[in-house]
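All remarks here apply to the structure that follows.
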Amino acid sequence: MKAYELGGFGIDSLVLAEKPIPQPGPGQVLVKMRAWSLNYRDLMVIKGSYRPNLPLPMTPLSDVVGEVVGVGPGVSRVSVGQRVAGIFMPKWLEGELTEEKAKSALGGGEAGMAAEYVVLDADGVVSVPDYLSDEEAATLPCAAVTAWHAIVASGKVKAGDTVLTLGTGGVSLFALQFAKLYGARVIITSSSDEKLARALALGASDGINYKTTPEWGRRVRELTDGVGVDHVVELGGAGTLEQSLKAVRMGGRISLIGVLSGKGRIDPTPILMKNVCVQGIFVGSRAMFEAMNDAIVRHQLRPVVDRVFPFAELPDALRYMERGAHFGKIALSLREEEK
């Protein structure tokens, strides 16, 4: 089978190699891959900024969808022929996140999924909605579950709430879609007016170009009659948190998900003075994934896939992500010419 191996940090260090097909052991399943999706974390891992001391060589990527083609002894919850996605942290099945569960995250410490066949724990896979394409379903394990955790599982967003989400990547657009399912108003930011127009077409009430409106926190307050939003889906980190704290209402909530704008120093005073709840969101559990899938099916929601690359073009897909031109998710597929 073909599998990517990262021998050194950098996109140019990815090598597509031939490796033997692994075999499932007790409690495991063998999955033949159909599609993958990229997360910004994957780019950080490959470039060495996520874990500079990551042992190499390793296989990257975390988000996959495929068909179960073999099961090991003792497996009963999934069967051969079933289409499944791997969960981001195979040991986080339910309950609160622990250090042990966090260490099981795929493609960052544990082996990744950029291979034609992978072995996964049977407990660490879930069925995906039948009506979704392989590429759409592959976007669910990280970006969708993260947004679901922020908006629904922990955020408890309800009708009448106002949500601010930053950017137009996968997590932000899933947050927009989930918030709309629960009757919330959504304000979204981007550096592109074209992307803002597309977000408005998905249901956002207002779009703010943060390049032309650098004090976008103040603009958010204007759009909410001076009150501020109930909930911020914060993906920038240190570079945007100051504005998010201006945008959130007294007693509001900020779900801290990404560090796309880099690291820096934060003045915690507004958190105190505005009685703001700031919660880190590190993807979610299998139970969250399954509850999210039920809602997706019930509302026939479709993930936003910007572009699909052949599996053999993973380096090109990563460079496309690096340019920031995408709207929604970037996927990879084993197309007919590659099978």
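Residues in the structure tokens are numbered from 1 in each chain, the chains being A, B, ... in the order shown, and ligands are numbered from 1 in the order shown.
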At a cut-off of 7 Å, using only C-alpha atoms, what residues contact Cys277 (chain A)? Leave out same-chain residues fewer than 5 positions from it and give the result as a PyMOL selection string.
chain A and resi 252-254
Using C-alpha atoms, can you write the selected residues to a file as a PDB file, in the first residue's frame?
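again_2.pdb written:
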ATOM      1  CA  GLY A 252     -20.631  35.955  27.709  1.00  0.00           C
ATOM      2  CA  ARG A 253     -18.595  32.995  26.551  1.00  0.00           C
ATOM      3  CA  ILE A 254     -15.489  32.562  24.400  1.00  0.00           C
TER       4      ILE A 254
END
Which of these residues is nearest to Pro26 (chain A), using only C-alpha atoms: A:Ala179, A:Ala122, A:Met89, A:Ala3?
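Result for the nearest residue to Pro26 (chain A): A:Ala122.
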Can you pull out every residue within 7 Å of Ala184 (chain A), counting only C-alpha atoms, but drop anything in the same chain fewer than 5 positions away, and send it as an NGL selection string?
:A and (158-163 or 179)
Export of the given selection (C-alpha atoms) as a PDB file, in the first residue's frame:
ATOM      1  CA  LYS A 158     -30.044  28.501  21.875  1.00  0.00           C
ATOM      2  CA  ALA A 159     -32.587  30.414  19.827  1.00  0.00           C
ATOM      3  CA  GLY A 160     -32.151  34.155  20.227  1.00  0.00           C
ATOM      4  CA  ASP A 161     -28.415  33.973  20.992  1.00  0.00           C
ATOM      5  CA  THR A 162     -25.861  35.815  18.878  1.00  0.00           C
ATOM      6  CA  VAL A 163     -22.651  34.031  17.910  1.00  0.00           C
ATOM      7  CA  ALA A 179     -25.575  27.788  15.445  1.00  0.00           C
TER       8      ALA A 179
END
Leaving out Ser244 (chain A) and any residue of its chain fewer than 4 positions from it, which residues lie within 12 Å of it when counting only C-alpha atoms, given as a PyMOL selection string?
chain A and resi 163-166+188-189+210+214-221+228-240+248-249+252-256+266+270-271+276+278
Create the file for the chosen residues now, containing N, CA and C atoms and written as a short mmCIF file (atom, residue, chain, number, x, y, z; two decimals), in the first residue's frame.
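Output file part26.cif follows:
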data_model
loop_
_atom_site.label_atom_id
_atom_site.label_comp_id
_atom_site.auth_asym_id
_atom_site.auth_seq_id
_atom_site.Cartn_x
_atom_site.Cartn_y
_atom_site.Cartn_z
N VAL A 163 -23.96 34.68 17.93
CA VAL A 163 -22.65 34.03 17.91
C VAL A 163 -21.74 34.78 16.94
N LEU A 164 -20.50 35.00 17.35
CA LEU A 164 -19.47 35.53 16.47
C LEU A 164 -18.47 34.43 16.19
N THR A 165 -18.20 34.15 14.92
CA THR A 165 -17.19 33.16 14.58
C THR A 165 -16.16 33.79 13.65
N LEU A 166 -14.89 33.44 13.86
CA LEU A 166 -13.79 34.11 13.19
C LEU A 166 -13.29 33.31 12.00
N ILE A 188 -19.89 36.87 11.25
CA ILE A 188 -18.66 36.19 10.85
C ILE A 188 -17.64 37.20 10.33
N THR A 189 -16.35 36.88 10.50
CA THR A 189 -15.29 37.76 10.01
C THR A 189 -14.48 37.06 8.93
N TYR A 210 -12.04 42.06 8.52
CA TYR A 210 -11.16 42.52 9.60
C TYR A 210 -9.93 43.27 9.07
N PRO A 214 -10.19 46.97 11.30
CA PRO A 214 -9.33 46.33 12.31
C PRO A 214 -9.92 46.35 13.71
N GLU A 215 -10.75 47.34 14.02
CA GLU A 215 -11.44 47.38 15.32
C GLU A 215 -12.79 46.68 15.18
N TRP A 216 -12.74 45.41 14.77
CA TRP A 216 -13.98 44.70 14.48
C TRP A 216 -14.77 44.36 15.75
N GLY A 217 -14.10 44.34 16.90
CA GLY A 217 -14.83 44.14 18.15
C GLY A 217 -15.83 45.24 18.40
N ARG A 218 -15.41 46.48 18.07
CA ARG A 218 -16.32 47.62 18.22
C ARG A 218 -17.48 47.51 17.24
N ARG A 219 -17.19 47.06 16.02
CA ARG A 219 -18.25 46.90 15.01
C ARG A 219 -19.26 45.84 15.44
N VAL A 220 -18.79 44.78 16.07
CA VAL A 220 -19.70 43.75 16.57
C VAL A 220 -20.65 44.34 17.60
N ARG A 221 -20.13 45.19 18.47
CA ARG A 221 -20.99 45.80 19.47
C ARG A 221 -22.04 46.72 18.82
N GLY A 228 -23.02 43.38 22.70
CA GLY A 228 -22.02 42.35 22.46
C GLY A 228 -22.67 41.00 22.22
N VAL A 229 -21.89 40.06 21.73
CA VAL A 229 -22.43 38.73 21.40
C VAL A 229 -22.41 37.83 22.63
N ASP A 230 -23.26 36.82 22.57
CA ASP A 230 -23.33 35.85 23.67
C ASP A 230 -22.14 34.89 23.64
N HIS A 231 -21.66 34.61 22.43
CA HIS A 231 -20.68 33.53 22.28
C HIS A 231 -19.71 33.87 21.15
N VAL A 232 -18.42 33.72 21.39
CA VAL A 232 -17.40 33.90 20.36
C VAL A 232 -16.71 32.57 20.12
N VAL A 233 -16.64 32.17 18.85
CA VAL A 233 -15.84 31.02 18.45
C VAL A 233 -14.49 31.58 18.01
N GLU A 234 -13.52 31.50 18.92
CA GLU A 234 -12.24 32.19 18.79
C GLU A 234 -11.18 31.26 18.20
N LEU A 235 -10.77 31.55 16.95
CA LEU A 235 -9.81 30.69 16.26
C LEU A 235 -8.46 31.34 16.05
N GLY A 236 -8.33 32.61 16.38
CA GLY A 236 -7.07 33.30 16.12
C GLY A 236 -6.07 33.19 17.24
N GLY A 237 -6.53 33.18 18.48
CA GLY A 237 -5.61 33.13 19.60
C GLY A 237 -5.18 34.51 20.04
N ALA A 238 -3.91 34.65 20.36
CA ALA A 238 -3.40 35.88 20.95
C ALA A 238 -3.64 37.10 20.07
N GLY A 239 -3.55 36.91 18.75
CA GLY A 239 -3.69 38.04 17.84
C GLY A 239 -5.10 38.58 17.70
N THR A 240 -6.10 37.81 18.10
CA THR A 240 -7.50 38.23 17.94
C THR A 240 -8.27 38.29 19.25
N VAL A 248 -17.53 40.39 22.98
CA VAL A 248 -18.41 39.54 23.78
C VAL A 248 -19.15 40.39 24.81
N ARG A 249 -20.35 39.97 25.14
CA ARG A 249 -21.15 40.70 26.12
C ARG A 249 -20.68 40.41 27.53
N GLY A 252 -20.59 36.81 28.88
CA GLY A 252 -20.63 35.96 27.71
C GLY A 252 -19.57 34.87 27.73
N ARG A 253 -19.45 34.18 26.62
CA ARG A 253 -18.60 33.00 26.55
C ARG A 253 -17.69 33.07 25.33
N ILE A 254 -16.43 32.68 25.51
CA ILE A 254 -15.49 32.56 24.40
C ILE A 254 -14.97 31.13 24.36
N SER A 255 -15.18 30.47 23.23
CA SER A 255 -14.62 29.13 23.02
C SER A 255 -13.30 29.30 22.29
N LEU A 256 -12.21 29.03 22.99
CA LEU A 256 -10.87 29.21 22.43
C LEU A 256 -10.46 27.91 21.73
N ILE A 266 -1.45 38.17 26.70
CA ILE A 266 -2.84 38.58 26.80
C ILE A 266 -3.07 39.28 28.14
N PRO A 270 -9.94 42.20 31.02
CA PRO A 270 -11.32 42.20 30.51
C PRO A 270 -12.08 40.91 30.84
N ILE A 271 -11.37 39.79 30.94
CA ILE A 271 -12.04 38.53 31.31
C ILE A 271 -12.64 38.67 32.70
N VAL A 276 -16.33 37.05 31.92
CA VAL A 276 -16.39 36.21 30.72
C VAL A 276 -15.90 34.80 31.02
N VAL A 278 -14.04 31.78 29.47
CA VAL A 278 -13.17 31.39 28.36
C VAL A 278 -12.85 29.92 28.52
#
Could you give me, as CSV, every region 40-122 of chain A residue with an atom at most 8 Å from region 142-157 of chain A, plus its closest atom pair and distance in Å to one decimal, counting only C-alpha atoms, rows ordered by chain then number?
residue,atom,partner,partner_atom,distance
A:Ser62,CA,A:Cys142,CA,7.9
A:Asp63,CA,A:Cys142,CA,6.7
A:Ile87,CA,A:Cys142,CA,7.8
A:Phe88,CA,A:Cys142,CA,6.1
Report as a PyMOL selection string all protein, DNA and RNA residues lying within 8 Å of Thr168 (chain A), evaluated on only C-alpha atoms, omitting residues in the same chain fewer than 6 positions from it.
chain A and resi 188-190+195-196+199+327-328
If you measure from CA of Glu100 (chain A) to CA of Gly124 (chain A), what distance in Å do you get, rounded to one decimal?
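Value for the CA of Glu100 (chain A)-CA of Gly124 (chain A) distance: 14.5 Å.
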